[in-house]
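J.: For reference, the structure I am asking about is given below.
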Amino acid sequence: MSVETTTTESDTVRRILTESGDTWAIVGLSSNRSRAAYQVAAVLQRFGKRIVPVHPKAETVHGEQGYASLADVPFPVDVVDVFVNSELAGGIADEAVAVGAKAVWFQLDVVDEEAYARTRAAGLDMVMDRCPAIEIPRLG
């Protein structure tokens with residue numbers, strides 16, 4: 001990875017965390033405390049983000065009402081944080097574009113280059129294979 005690419009990605013990470021908005025739909029978030037999504041959602045809340053659980057079970061998590069899909073969320077979401085496997089992630093990115101999100105965040109080990117290209121072409125910011133719970137404390 002070139003320095004230019006790294007700088008651009010770092011800029012995108014910072015922009016998503018500080019400028020894209022504070023309502024984060026977390027796809028794959030359930031009440032299972034042993035899952036990474038549960039822990040990451042707690043960190044995002046501590047940093048002032050409103051989390052919106054999106055999971056087929058539509059559970060309430062961390063005090064926030066859950067929804068079965070992005071399309072079911074009855075208010076705008078700013079960022080869609082994706083905790084599903086790479087094979088399903090591209091469809092979620094397409095849904096994020098459809099609901100008018102400003103950014104898509106693929107978690108660690110979630111990679112889909114074609115979805116990345118489609119999402120960026122649609123005008124959204126996007127990062128892959130990163131974790132906001134790791135990145136947000138680094139902002140200082």
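Labeling convention for the structure tokens: chains A, B, ... as they appear, residues from 1 per chain, ligands from 1 in order of appearance.
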For A:Lys57, list every protein, DNA or RNA residue within 9 Å, evaluated using only C-alpha atoms, and leave out those in the same chain fewer than 2 positions away; present the list as a tab-separated table (two decimals) with all heavy atoms, in the first residue's frame.
T.:
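Generated file (selection03.tsv):
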chain	number	residue	atom	x	y	z
A	30	SER	N	-26.52	-8.08	17.73
A	30	SER	CA	-27.56	-8.73	18.52
A	30	SER	C	-27.20	-8.57	19.99
A	30	SER	O	-26.21	-7.93	20.34
A	30	SER	CB	-27.65	-10.22	18.16
A	30	SER	OG	-26.50	-10.91	18.65
A	54	VAL	N	-29.18	-3.70	13.74
A	54	VAL	CA	-29.86	-4.26	12.56
A	54	VAL	C	-29.50	-5.74	12.52
A	54	VAL	O	-28.33	-6.10	12.33
A	54	VAL	CB	-29.44	-3.55	11.26
A	54	VAL	CG1	-30.11	-4.19	10.06
A	54	VAL	CG2	-29.77	-2.06	11.33
A	55	HIS	N	-30.51	-6.57	12.74
A	55	HIS	CA	-30.31	-8.02	12.83
A	55	HIS	C	-31.68	-8.66	12.61
A	55	HIS	O	-32.69	-8.09	13.04
A	55	HIS	CB	-29.78	-8.35	14.23
A	55	HIS	CG	-29.35	-9.77	14.41
A	55	HIS	ND1	-30.24	-10.78	14.63
A	55	HIS	CD2	-28.12	-10.34	14.40
A	55	HIS	CE1	-29.59	-11.92	14.74
A	55	HIS	NE2	-28.29	-11.68	14.61
A	59	GLU	N	-33.59	-7.28	17.93
A	59	GLU	CA	-33.52	-7.14	19.39
A	59	GLU	C	-33.14	-5.73	19.81
A	59	GLU	O	-32.45	-5.02	19.08
A	59	GLU	CB	-32.45	-8.10	19.94
A	59	GLU	CG	-32.72	-9.55	19.68
A	59	GLU	CD	-31.53	-10.43	20.08
A	59	GLU	OE1	-30.41	-10.19	19.58
A	59	GLU	OE2	-31.75	-11.33	20.89
A	66	GLY	N	-33.99	-2.44	18.00
A	66	GLY	CA	-33.40	-3.09	16.84
A	66	GLY	C	-34.40	-3.19	15.69
A	66	GLY	O	-35.61	-3.10	15.89
A	67	TYR	N	-33.87	-3.38	14.50
A	67	TYR	CA	-34.68	-3.52	13.28
A	67	TYR	C	-34.16	-4.71	12.50
A	67	TYR	O	-32.97	-5.01	12.52
A	67	TYR	CB	-34.60	-2.23	12.44
A	67	TYR	CG	-35.12	-1.04	13.20
A	67	TYR	CD1	-34.27	-0.26	13.97
A	67	TYR	CD2	-36.48	-0.74	13.19
A	67	TYR	CE1	-34.75	0.81	14.71
A	67	TYR	CE2	-36.97	0.33	13.93
A	67	TYR	CZ	-36.11	1.09	14.69
A	67	TYR	OH	-36.60	2.14	15.43
A	68	ALA	N	-35.06	-5.37	11.77
A	68	ALA	CA	-34.70	-6.59	11.05
A	68	ALA	C	-33.83	-6.32	9.84
A	68	ALA	O	-33.04	-7.17	9.43
A	68	ALA	CB	-35.97	-7.34	10.63
J.: Taking 5 positions as the minimum chain separation for residues in the same chain, which residues sit within 12 Å of stretch 112-120 of chain A when counting only C-alpha atoms? Answer as a PyMOL selection string.
T.: chain A and resi 12+80+82+84-98+100-107+125-129
J.: Pull the strand (DSSP E or B) assignments for stretch 19-62 of chain A out of DSSP run on the backbone, and list those residues as a ChimeraX atom specification.
T.: /A:23-27,50-54,61
J.: Find, counting only C-alpha atoms, the residue in A:Gln39, A:Phe47, A:His62, A:Ala25 that gets nearest to A:Gly140.
T.: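 Among the listed residues, the smallest separation from A:Gly140 belongs to A:Phe47.
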J.: Expressed in Å to a single decimal, how great is the separation between atom CA of A:Phe75 and atom CA of A:Gly63?
T.: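 Going from atom CA of A:Phe75 over to atom CA of A:Gly63 covers 16.9 Å.
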J.: Could you check the closest approach to A:Val73 for each of A:Glu135, A:Ser34, A:Ile26, A:Val61 and tell me which residue wins, using only C-alpha atoms?
T.: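 Ranked by minimum distance to A:Val73, first place goes to A:Ile26.
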J.: Env of A:Thr23: 9 Å cut, atoms = only C-alpha atoms, seq-sep filter 4 positions within chain, self excluded. Answer as a list in words.
T.: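 Counting only C-alpha atoms, the residues come to Lys49, Arg50, Ile51, Val52, Pro76, Val77, Asp78, Val79 and Val80 of chain A.
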J.: Can you tell me how far atom CA of A:Asp109 sits from atom CA of A:Pro74, in Å to one decimal?
T.: 29.4 Å
